[in-house]
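Coordinates from model.txt are shown below (compact mmCIF, C-alpha atoms).
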```txt
# COMPACT_ATOMS: atom_id res chain seq x y z
CA MET A 42 144.05 66.93 166.30
CA PRO A 43 142.28 68.54 163.33
CA ASP A 44 138.58 68.02 162.82
CA ALA A 45 138.00 64.60 161.22
CA ASP A 46 135.97 66.18 158.42
CA THR A 47 138.76 68.50 157.36
CA LYS A 48 140.93 66.85 154.72
CA PRO A 49 144.17 68.84 154.54
CA ALA A 50 145.30 70.41 151.25
CA PRO A 51 147.93 68.29 149.44
CA LEU A 52 151.51 68.99 150.43
CA PHE A 53 154.45 68.96 148.05
CA LEU A 54 158.17 68.48 148.57
CA GLU A 55 158.72 72.19 149.21
CA ASP A 56 156.05 72.15 151.94
CA ILE A 57 157.25 69.29 154.13
CA PHE A 58 159.97 68.91 156.75
CA ALA A 59 161.26 66.32 159.22
CA GLY A 60 159.19 66.40 162.37
CA MET A 61 155.96 67.38 160.58
CA LYS A 62 152.96 65.40 161.85
CA PHE A 63 149.58 64.39 160.47
CA PHE A 64 146.53 62.79 162.04
CA ALA A 65 143.47 60.86 160.82
CA GLY A 66 140.72 58.72 162.25
CA PRO A 67 138.91 57.22 164.01
CA TYR A 68 137.94 54.12 162.01
CA LEU A 69 135.55 51.72 163.72
CA LEU A 70 136.40 48.06 163.16
CA THR A 71 133.49 45.63 163.48
CA GLU A 72 133.60 41.89 164.11
CA GLU A 73 131.91 41.42 160.72
CA ALA A 74 134.68 43.36 158.99
CA ILE A 75 137.44 41.45 160.82
CA ILE A 76 135.93 38.12 159.76
CA GLY A 77 135.22 39.32 156.20
CA PHE A 78 138.80 40.47 155.59
CA ALA A 79 140.25 37.33 157.16
CA LYS A 80 138.06 34.94 155.15
CA GLN A 81 139.42 36.57 152.01
CA PHE A 82 143.06 37.06 152.92
CA ASP A 83 144.03 35.45 156.24
CA PRO A 84 141.68 32.53 156.94
CA GLN A 85 142.93 31.38 160.33
CA PRO A 86 140.60 30.54 163.25
CA PHE A 87 141.84 33.39 165.47
CA HIS A 88 140.74 35.84 162.73
CA THR A 89 137.56 34.13 161.47
CA ASP A 90 135.86 32.24 164.31
CA PRO A 91 135.06 34.05 167.60
CA LYS A 92 134.46 30.79 169.48
CA ALA A 93 137.50 28.90 168.20
CA ALA A 94 139.64 32.03 168.70
CA LYS A 95 139.25 31.76 172.48
CA ALA A 96 141.44 28.65 172.55
CA THR A 97 144.27 30.20 170.50
CA PHE A 98 147.36 32.34 171.04
CA PHE A 99 145.15 35.46 170.74
CA GLN A 100 142.60 34.29 173.37
CA GLY A 101 139.75 35.79 171.35
CA LEU A 102 138.99 37.15 167.90
CA ALA A 103 141.72 39.48 166.62
CA ALA A 104 142.06 41.32 163.33
CA SER A 105 144.63 40.11 160.83
CA GLY A 106 147.68 42.34 161.11
CA TRP A 107 147.32 42.97 157.39
CA HIS A 108 143.80 44.25 158.00
CA THR A 109 145.20 46.74 160.53
CA VAL A 110 147.76 47.82 157.94
CA ALA A 111 145.04 48.19 155.28
CA ILE A 112 142.95 50.38 157.62
CA THR A 113 146.06 52.41 158.40
CA MET A 114 146.54 52.94 154.66
CA ARG A 115 142.91 54.05 154.36
CA LEU A 116 143.48 56.62 157.10
CA LEU A 117 146.69 57.78 155.39
CA THR A 118 144.63 58.57 152.27
CA GLU A 119 142.13 60.47 154.46
CA GLY A 120 144.60 63.05 155.69
CA GLY A 121 147.08 60.88 157.58
CA MET A 122 149.69 61.59 154.90
CA PRO A 123 148.40 64.30 152.53
CA PHE A 124 151.12 64.20 149.88
CA GLY A 125 150.41 65.74 146.47
CA GLY A 126 150.57 63.00 143.84
CA GLY A 127 149.30 60.44 146.31
CA SER A 128 150.78 57.98 148.75
CA ILE A 129 153.20 55.95 146.65
CA GLY A 130 155.14 53.49 148.78
CA LEU A 131 158.42 51.83 147.87
CA GLY A 132 158.50 49.67 150.96
CA ALA A 133 157.58 49.54 154.60
CA GLU A 134 158.35 47.91 157.92
CA VAL A 135 155.52 46.99 160.27
CA SER A 136 155.41 45.83 163.89
CA TRP A 137 152.27 44.62 165.59
CA LEU A 138 152.34 45.42 169.29
CA LYS A 139 148.84 44.53 170.52
CA PRO A 140 145.87 42.61 169.10
CA VAL A 141 143.12 44.66 167.43
CA ARG A 142 139.67 43.56 168.62
CA PRO A 143 136.07 43.89 167.39
CA GLY A 144 134.77 47.36 168.26
CA ASP A 145 138.20 48.98 168.34
CA GLU A 146 138.42 52.50 166.92
CA LEU A 147 141.73 53.10 165.16
CA SER A 148 143.46 56.42 164.56
CA VAL A 149 146.82 57.25 163.01
CA GLU A 150 149.57 59.72 163.77
CA THR A 151 152.22 60.06 161.09
CA GLU A 152 155.55 61.83 161.53
CA ILE A 153 158.04 62.66 158.80
CA LEU A 154 161.40 61.22 159.90
CA ASP A 155 163.62 61.96 156.93
CA ILE A 156 163.57 63.49 153.44
CA THR A 157 166.20 62.26 150.97
CA PRO A 158 166.22 64.01 147.57
CA SER A 159 166.57 61.70 144.58
CA ARG A 160 169.97 61.89 142.88
CA SER A 161 168.66 60.77 139.50
CA LYS A 162 165.25 62.45 139.47
CA PRO A 163 165.04 66.15 140.16
CA HIS A 164 161.90 67.41 141.92
CA GLN A 165 161.46 64.06 143.67
CA ALA A 166 162.46 62.70 147.08
CA ILE A 167 162.12 59.57 149.18
CA VAL A 168 160.43 60.44 152.44
CA THR A 169 160.60 58.16 155.47
CA VAL A 170 157.49 58.39 157.63
CA ARG A 171 156.51 56.58 160.81
CA THR A 172 152.82 55.94 161.44
CA ALA A 173 151.60 54.91 164.87
CA THR A 174 148.15 53.30 164.83
CA ARG A 175 146.32 53.63 168.14
CA ASN A 176 143.10 52.18 169.52
CA GLN A 177 140.44 54.06 171.50
CA LYS A 178 142.41 53.47 174.71
CA ASP A 179 145.34 55.37 173.16
CA GLU A 180 147.38 52.15 173.07
CA ILE A 181 149.71 51.82 170.09
CA VAL A 182 148.66 48.64 168.28
CA GLN A 183 150.97 48.96 165.27
CA VAL A 184 153.96 50.96 164.11
CA LEU A 185 154.50 51.30 160.37
CA THR A 186 157.63 52.92 158.96
CA SER A 187 157.31 53.58 155.23
CA LYS A 188 159.38 54.96 152.41
CA VAL A 189 157.16 57.03 150.12
CA LEU A 190 157.65 59.41 147.22
CA SER A 191 157.16 63.17 147.38
CA PHE A 192 157.23 65.51 144.41
CA ASN A 193 157.74 69.21 143.92
CA ARG A 194 154.58 71.18 143.14
CA GLY A 195 153.93 70.96 139.38
CA HIS A 196 156.19 67.91 139.02
CA VAL A 197 153.91 64.99 139.86
CA PRO A 198 154.53 62.35 137.13
CA GLY A 199 151.77 62.22 134.54
CA VAL A 200 150.00 65.30 135.85
CA MET A 201 150.15 68.33 133.58
CA ALA A 202 150.29 71.37 135.80
CA MET B 287 156.48 23.14 142.73
CA PRO B 288 153.95 20.91 144.52
CA ASP B 289 150.49 20.46 143.14
CA ALA B 290 148.34 23.45 144.12
CA ASP B 291 145.68 21.15 145.60
CA THR B 292 148.12 19.51 148.01
CA LYS B 293 148.15 21.42 151.27
CA PRO B 294 151.23 20.31 153.22
CA ALA B 295 150.91 18.85 156.72
CA PRO B 296 151.60 21.42 159.47
CA LEU B 297 155.23 21.71 160.51
CA PHE B 298 156.40 22.33 164.06
CA LEU B 299 159.60 23.75 165.48
CA GLU B 300 161.31 20.36 165.49
CA ASP B 301 160.52 19.93 161.77
CA ILE B 302 161.92 23.14 160.32
CA PHE B 303 165.40 24.38 159.45
CA ALA B 304 167.06 27.38 157.83
CA GLY B 305 167.00 27.01 154.06
CA MET B 306 163.69 25.13 154.01
CA LYS B 307 161.38 26.37 151.24
CA PHE B 308 157.64 26.39 150.62
CA PHE B 309 155.54 27.28 147.59
CA ALA B 310 151.94 28.27 146.93
CA GLY B 311 149.87 29.74 144.12
CA PRO B 312 148.90 30.86 141.61
CA TYR B 313 146.29 33.45 142.60
CA LEU B 314 144.61 35.29 139.72
CA LEU B 315 144.09 38.99 140.38
CA THR B 316 141.26 40.63 138.45
CA GLU B 317 140.71 44.31 137.69
CA GLU B 318 137.48 44.11 139.68
CA ALA B 319 139.33 42.80 142.74
CA ILE B 320 142.06 45.47 142.45
CA ILE B 321 139.44 48.23 142.34
CA GLY B 322 137.34 46.64 145.11
CA PHE B 323 140.25 46.39 147.55
CA ALA B 324 141.44 49.89 146.73
CA LYS B 325 138.03 51.51 147.15
CA GLN B 326 137.92 50.06 150.64
CA PHE B 327 141.50 50.58 151.78
CA ASP B 328 143.60 52.60 149.33
CA PRO B 329 141.30 54.87 147.30
CA GLN B 330 143.78 56.55 144.98
CA PRO B 331 143.16 56.97 141.22
CA PHE B 332 146.02 54.69 140.15
CA HIS B 333 144.33 51.86 142.11
CA THR B 334 140.64 52.62 141.45
CA ASP B 335 140.23 54.22 138.00
CA PRO B 336 141.73 52.50 134.92
CA LYS B 337 141.39 55.63 132.76
CA ALA B 338 142.74 58.13 135.27
CA ALA B 339 145.54 55.68 136.17
CA LYS B 340 147.10 56.10 132.72
CA ALA B 341 148.15 59.67 133.55
CA THR B 342 149.80 58.72 136.87
CA PHE B 343 153.14 57.49 138.15
CA PHE B 344 151.97 53.90 137.50
CA GLN B 345 150.92 54.56 133.86
CA GLY B 346 147.91 52.28 134.24
CA LEU B 347 145.87 50.52 136.89
CA ALA B 348 148.06 48.87 139.55
CA ALA B 349 147.09 46.95 142.67
CA SER B 350 147.62 48.59 146.05
CA GLY B 351 150.83 47.22 147.53
CA TRP B 352 148.80 46.26 150.57
CA HIS B 353 146.54 44.17 148.32
CA THR B 354 149.61 42.31 147.06
CA VAL B 355 150.66 41.73 150.67
CA ALA B 356 147.16 40.49 151.58
CA ILE B 357 147.19 38.02 148.66
CA THR B 358 150.65 36.90 149.73
CA MET B 359 149.26 36.24 153.22
CA ARG B 360 146.42 34.23 151.69
CA LEU B 361 148.95 32.10 149.82
CA LEU B 362 151.00 31.65 153.00
CA THR B 363 147.90 30.15 154.67
CA GLU B 364 147.44 27.85 151.65
CA GLY B 365 150.77 26.08 152.05
CA GLY B 366 153.23 28.92 151.55
CA MET B 367 154.17 28.71 155.23
CA PRO B 368 152.57 25.60 156.79
CA PHE B 369 153.42 26.20 160.45
CA GLY B 370 151.48 24.29 163.10
CA GLY B 371 149.55 26.78 165.24
CA GLY B 372 149.14 29.12 162.30
CA SER B 373 150.98 32.03 160.80
CA ILE B 374 151.38 34.46 163.69
CA GLY B 375 153.45 37.46 162.69
CA LEU B 376 155.24 39.83 165.04
CA GLY B 377 156.34 42.16 162.30
CA ALA B 378 157.44 42.32 158.69
CA GLU B 379 159.36 44.31 156.14
CA VAL B 380 158.02 44.66 152.61
CA SER B 381 159.48 46.00 149.37
CA TRP B 382 157.48 46.50 146.22
CA LEU B 383 159.63 46.00 143.15
CA LYS B 384 157.17 46.07 140.24
CA PRO B 385 153.51 47.07 139.79
CA VAL B 386 150.93 44.28 139.96
CA ARG B 387 148.44 44.56 137.09
CA PRO B 388 144.93 43.23 136.32
CA GLY B 389 145.19 39.64 135.15
CA ASP B 390 148.45 38.93 136.95
CA GLU B 391 148.80 35.49 138.53
CA LEU B 392 150.75 35.62 141.77
CA SER B 393 152.73 32.83 143.42
CA VAL B 394 154.88 32.76 146.52
CA GLU B 395 158.15 31.13 147.45
CA THR B 396 159.05 31.28 151.15
CA GLU B 397 162.44 30.44 152.60
CA ILE B 398 163.29 30.08 156.27
CA LEU B 399 166.25 32.38 156.96
CA ASP B 400 166.72 32.02 160.68
CA ILE B 401 165.27 30.29 163.75
CA THR B 402 165.85 31.95 167.13
CA PRO B 403 164.57 30.02 170.18
CA SER B 404 162.72 32.14 172.72
CA ARG B 405 164.69 32.69 175.94
CA SER B 406 161.59 33.20 178.08
CA LYS B 407 159.20 30.71 176.48
CA PRO B 408 160.32 27.13 176.05
CA HIS B 409 158.96 25.25 173.02
CA GLN B 410 158.67 28.50 171.06
CA ALA B 411 160.90 30.31 168.56
CA ILE B 412 160.89 33.38 166.38
CA VAL B 413 161.42 32.36 162.78
CA THR B 414 162.54 34.81 160.12
CA VAL B 415 161.15 33.96 156.69
CA ARG B 416 161.53 35.69 153.34
CA THR B 417 158.67 35.42 150.86
CA ALA B 418 159.17 36.36 147.22
CA THR B 419 155.91 37.03 145.38
CA ARG B 420 156.19 36.49 141.63
CA ASN B 421 153.90 37.18 138.69
CA GLN B 422 153.20 34.84 135.76
CA LYS B 423 156.32 36.14 133.98
CA ASP B 424 158.40 34.94 136.95
CA GLU B 425 159.20 38.54 137.85
CA ILE B 426 159.50 39.24 141.57
CA VAL B 427 156.91 41.92 142.35
CA GLN B 428 157.34 41.96 146.13
CA VAL B 429 159.72 40.71 148.80
CA LEU B 430 158.31 40.25 152.31
CA THR B 431 160.56 39.38 155.23
CA SER B 432 158.55 38.39 158.30
CA LYS B 433 159.14 37.38 161.88
CA VAL B 434 156.68 34.66 162.84
CA LEU B 435 156.19 32.27 165.73
CA SER B 436 156.83 28.54 165.60
CA PHE B 437 155.94 26.08 168.35
CA ASN B 438 157.04 22.60 169.30
CA ARG B 439 154.54 19.86 168.48
CA GLY B 440 152.03 19.63 171.34
CA HIS B 441 152.93 23.11 172.60
CA VAL B 442 150.74 25.42 170.50
CA PRO B 443 149.19 27.94 172.96
CA GLY B 444 145.56 27.20 173.75
CA VAL B 445 145.57 23.87 171.96
CA MET B 446 145.27 20.84 174.20
CA ALA B 447 147.33 18.10 172.63
```
Please rewrite the model in this file as structure tokens.
Amino acid sequence: MPDADTKPAPLFLEDIFAGMKFFAGPYLLTEEAIIGFAKQFDPQPFHTDPKAAKATFFQGLAASGWHTVAITMRLLTEGGMPFGGGSIGLGAEVSWLKPVRPGDELSVETEILDITPSRSKPHQAIVTVRTATRNQKDEIVQVLTSKVLSFNRGHVPGVMA
Amino acid sequence: MPDADTKPAPLFLEDIFAGMKFFAGPYLLTEEAIIGFAKQFDPQPFHTDPKAAKATFFQGLAASGWHTVAITMRLLTEGGMPFGGGSIGLGAEVSWLKPVRPGDELSVETEILDITPSRSKPHQAIVTVRTATRNQKDEIVQVLTSKVLSFNRGHVPGVMA
């Protein structure tokens, strides 16, 4: 894995290929952050109340799955998917495999699965990427498969270059 | 649509059926909230900087798609999917159809598509639901198809009843 401080240079359509991989992390998730996110977006006892969470399906406080996705996105912007023009998603499929707990340190590994050039827009393609989010025990907690845009160098919409 | 102040009673496995629908909203999304979420989880200019956003793919500030999902989840907990035992997701598929802008008011409509009883766990089923998130112009901005758990009344894990 590359040094966490080294943000890779942006990659354009002509630079990428199926099988290419990227890494980012770790991101430390605190109990305070889990509760804060959940109070705003997913206010259910297993995400907001450590005591009440013990008597639930999760048997203890667990992060909202959408919080894990949001942290994954953060890591994608930090080198986990260094596409020139940004990470512009058309859609995604997510599976949550294990609960994320207070104190977990999350890292991402992204692999390019497929690159489909646009028929209507030259210099643009839809790229399918799969991002595995792991905790500090190297357990995969979430798999996210996304369809994102990639542009040829000098052809990012709105950017004069 | 039901009154926004009326939170429906929780529904259990014996209460639900394919075709059943739920509604919640509206949720007003401010520019400040869009930028706040994005700075934390999706720090890209089209989500964080109204001026810079004009010269991007989005041609103006747009909410992170993951922010739209998080707000959708919030609305699901507010009556958009009133399942007894909570909204426990195994996975989901999301498509973003239109940008969400500052000042947009989001509402959700959820429909139960399928109910598959668990083979290994009695009193439990995997329910497939589709949630359309609309803006104040009644345009669908996002479609989220989720697999969530439903339990028979009196059989929510960890709850003595």
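Compared by their closest atoms to Phe323 of chain B, and using all atoms listed in the file, the residues B:Arg416, B:Lys307, B:His353, B:Lys340 rank with B:His353 nearest.
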8 Å contacts from chain B to chain A using all atoms listed in the file, as a ChimeraX atom specification: /B:326-330,340-343,345,351-352,355-357,359-360,363,372,375-383,442-445
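Of the listed residues (A:Met61, A:Leu52, A:Ile76, A:Met122), A:Ile76 comes nearest to Arg142 of chain A; the distances count only C-alpha atoms.
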Atomic distance atom CA of Tyr313 of chain B - atom CA of Thr396 of chain B, expressed in Å with one decimal: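 Between atom CA of Tyr313 of chain B and atom CA of Thr396 of chain B the gap works out to 15.5 Å.
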May I have chain A as a compact mmCIF listing (two decimals) with C-alpha atoms, keeping the file's coordinate frame, after a least-squares superposition on chain B that uses all C-alpha atoms paired in order?
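Produced file result-v6.txt, reproduced below:
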```
# COMPACT_ATOMS: atom_id res chain seq x y z
CA MET A 42 156.71 22.95 142.97
CA PRO A 43 154.14 20.74 144.72
CA ASP A 44 150.71 20.28 143.22
CA ALA A 45 148.55 23.32 144.05
CA ASP A 46 145.85 21.08 145.51
CA THR A 47 148.18 19.47 148.01
CA LYS A 48 148.19 21.42 151.27
CA PRO A 49 151.26 20.30 153.23
CA ALA A 50 150.89 18.84 156.73
CA PRO A 51 151.59 21.42 159.48
CA LEU A 52 155.21 21.72 160.52
CA PHE A 53 156.39 22.32 164.06
CA LEU A 54 159.59 23.75 165.49
CA GLU A 55 161.31 20.36 165.49
CA ASP A 56 160.50 19.92 161.78
CA ILE A 57 161.89 23.13 160.32
CA PHE A 58 165.37 24.37 159.45
CA ALA A 59 167.05 27.37 157.81
CA GLY A 60 166.99 26.99 154.06
CA MET A 61 163.66 25.11 154.00
CA LYS A 62 161.35 26.36 151.24
CA PHE A 63 157.62 26.38 150.61
CA PHE A 64 155.52 27.27 147.59
CA ALA A 65 151.89 28.28 146.93
CA GLY A 66 149.83 29.75 144.14
CA PRO A 67 148.87 30.87 141.60
CA TYR A 68 146.27 33.47 142.59
CA LEU A 69 144.58 35.31 139.74
CA LEU A 70 144.07 39.02 140.39
CA THR A 71 141.24 40.65 138.45
CA GLU A 72 140.71 44.33 137.70
CA GLU A 73 137.46 44.12 139.70
CA ALA A 74 139.34 42.82 142.74
CA ILE A 75 142.06 45.49 142.46
CA ILE A 76 139.44 48.25 142.35
CA GLY A 77 137.33 46.66 145.12
CA PHE A 78 140.25 46.41 147.56
CA ALA A 79 141.45 49.92 146.74
CA LYS A 80 138.02 51.53 147.16
CA GLN A 81 137.94 50.08 150.66
CA PHE A 82 141.52 50.58 151.79
CA ASP A 83 143.61 52.62 149.33
CA PRO A 84 141.31 54.89 147.32
CA GLN A 85 143.78 56.56 144.98
CA PRO A 86 143.15 56.99 141.22
CA PHE A 87 146.03 54.71 140.16
CA HIS A 88 144.34 51.87 142.12
CA THR A 89 140.65 52.63 141.44
CA ASP A 90 140.24 54.23 138.01
CA PRO A 91 141.72 52.52 134.91
CA LYS A 92 141.38 55.64 132.76
CA ALA A 93 142.74 58.14 135.28
CA ALA A 94 145.54 55.70 136.18
CA LYS A 95 147.09 56.13 132.72
CA ALA A 96 148.14 59.68 133.57
CA THR A 97 149.80 58.76 136.88
CA PHE A 98 153.15 57.51 138.16
CA PHE A 99 151.97 53.92 137.50
CA GLN A 100 150.93 54.59 133.86
CA GLY A 101 147.93 52.28 134.23
CA LEU A 102 145.88 50.53 136.89
CA ALA A 103 148.05 48.88 139.55
CA ALA A 104 147.11 46.96 142.67
CA SER A 105 147.63 48.60 146.04
CA GLY A 106 150.84 47.23 147.52
CA TRP A 107 148.79 46.27 150.57
CA HIS A 108 146.54 44.19 148.33
CA THR A 109 149.61 42.32 147.06
CA VAL A 110 150.66 41.74 150.67
CA ALA A 111 147.15 40.51 151.57
CA ILE A 112 147.19 38.03 148.65
CA THR A 113 150.65 36.91 149.73
CA MET A 114 149.26 36.26 153.21
CA ARG A 115 146.41 34.25 151.68
CA LEU A 116 148.93 32.11 149.81
CA LEU A 117 150.98 31.67 153.01
CA THR A 118 147.88 30.17 154.67
CA GLU A 119 147.43 27.86 151.65
CA GLY A 120 150.74 26.08 152.05
CA GLY A 121 153.20 28.94 151.55
CA MET A 122 154.15 28.72 155.23
CA PRO A 123 152.55 25.61 156.79
CA PHE A 124 153.40 26.20 160.45
CA GLY A 125 151.46 24.30 163.11
CA GLY A 126 149.55 26.79 165.25
CA GLY A 127 149.13 29.12 162.30
CA SER A 128 150.98 32.04 160.80
CA ILE A 129 151.37 34.46 163.69
CA GLY A 130 153.44 37.47 162.69
CA LEU A 131 155.25 39.84 165.03
CA GLY A 132 156.35 42.16 162.28
CA ALA A 133 157.43 42.31 158.68
CA GLU A 134 159.36 44.31 156.12
CA VAL A 135 158.01 44.66 152.60
CA SER A 136 159.49 46.01 149.36
CA TRP A 137 157.48 46.50 146.21
CA LEU A 138 159.63 46.01 143.14
CA LYS A 139 157.17 46.08 140.23
CA PRO A 140 153.52 47.08 139.78
CA VAL A 141 150.92 44.29 139.94
CA ARG A 142 148.42 44.57 137.08
CA PRO A 143 144.92 43.26 136.31
CA GLY A 144 145.17 39.64 135.14
CA ASP A 145 148.44 38.95 136.95
CA GLU A 146 148.78 35.51 138.53
CA LEU A 147 150.74 35.63 141.77
CA SER A 148 152.69 32.82 143.41
CA VAL A 149 154.86 32.76 146.52
CA GLU A 150 158.13 31.12 147.45
CA THR A 151 159.01 31.27 151.13
CA GLU A 152 162.42 30.43 152.59
CA ILE A 153 163.27 30.06 156.26
CA LEU A 154 166.23 32.38 156.94
CA ASP A 155 166.71 32.01 160.67
CA ILE A 156 165.27 30.27 163.74
CA THR A 157 165.85 31.95 167.11
CA PRO A 158 164.56 30.02 170.16
CA SER A 159 162.73 32.13 172.73
CA ARG A 160 164.70 32.68 175.94
CA SER A 161 161.61 33.19 178.08
CA LYS A 162 159.22 30.71 176.48
CA PRO A 163 160.33 27.14 176.04
CA HIS A 164 158.97 25.25 173.02
CA GLN A 165 158.67 28.50 171.05
CA ALA A 166 160.89 30.31 168.55
CA ILE A 167 160.90 33.39 166.36
CA VAL A 168 161.41 32.36 162.77
CA THR A 169 162.53 34.81 160.10
CA VAL A 170 161.14 33.96 156.67
CA ARG A 171 161.51 35.69 153.32
CA THR A 172 158.65 35.42 150.84
CA ALA A 173 159.15 36.35 147.21
CA THR A 174 155.89 37.03 145.36
CA ARG A 175 156.17 36.49 141.61
CA ASN A 176 153.87 37.18 138.68
CA GLN A 177 153.18 34.83 135.75
CA LYS A 178 156.29 36.13 133.98
CA ASP A 179 158.38 34.92 136.94
CA GLU A 180 159.20 38.53 137.84
CA ILE A 181 159.50 39.23 141.56
CA VAL A 182 156.91 41.91 142.34
CA GLN A 183 157.34 41.96 146.12
CA VAL A 184 159.70 40.70 148.79
CA LEU A 185 158.31 40.25 152.29
CA THR A 186 160.56 39.37 155.22
CA SER A 187 158.55 38.39 158.29
CA LYS A 188 159.15 37.38 161.87
CA VAL A 189 156.68 34.66 162.83
CA LEU A 190 156.19 32.28 165.73
CA SER A 191 156.82 28.54 165.61
CA PHE A 192 155.94 26.09 168.35
CA ASN A 193 157.04 22.61 169.30
CA ARG A 194 154.54 19.86 168.48
CA GLY A 195 152.02 19.64 171.35
CA HIS A 196 152.92 23.13 172.60
CA VAL A 197 150.75 25.43 170.51
CA PRO A 198 149.19 27.94 172.97
CA GLY A 199 145.57 27.19 173.76
CA VAL A 200 145.56 23.86 171.95
CA MET A 201 145.28 20.82 174.19
CA ALA A 202 147.30 18.08 172.58
```
Minimum-distance residue to Leu154 of chain A, chosen among A:Ile167, A:Ala173, A:Val141, A:Ala59 (using only C-alpha atoms):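 For Leu154 of chain A, the nearest of the given residues is A:Ala59.
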Atomic separation - atom CA of Ile320 of chain B relative to atom CA of Val189 of chain A, Å: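 Interatomic distance here is 20.5 Å.
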Nearest-residue call for Val182 of chain A, choices A:Glu55, A:Glu146, A:Asp90, A:Glu73, using only C-alpha atoms: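 Closest candidate: A:Glu146.
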Using all atoms listed in the file: which of B:Pro388, B:Gly305, B:Pro336, B:Pro296 has the shortest distance to Ala319 of chain B: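 When distances to Ala319 of chain B are compared using all atoms listed in the file, the smallest one comes from B:Pro388.
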Neighbour list for Val394 of chain B as a list of chain:residue names, cut-off 7 Å, all atoms listed in the file, skip fewer than 5 positions in-chain: B:Phe309, B:Ala310, B:Gly311, B:Thr358, B:Leu361, B:Gly366, B:Thr417, B:Ala418, B:Thr419, B:Arg420
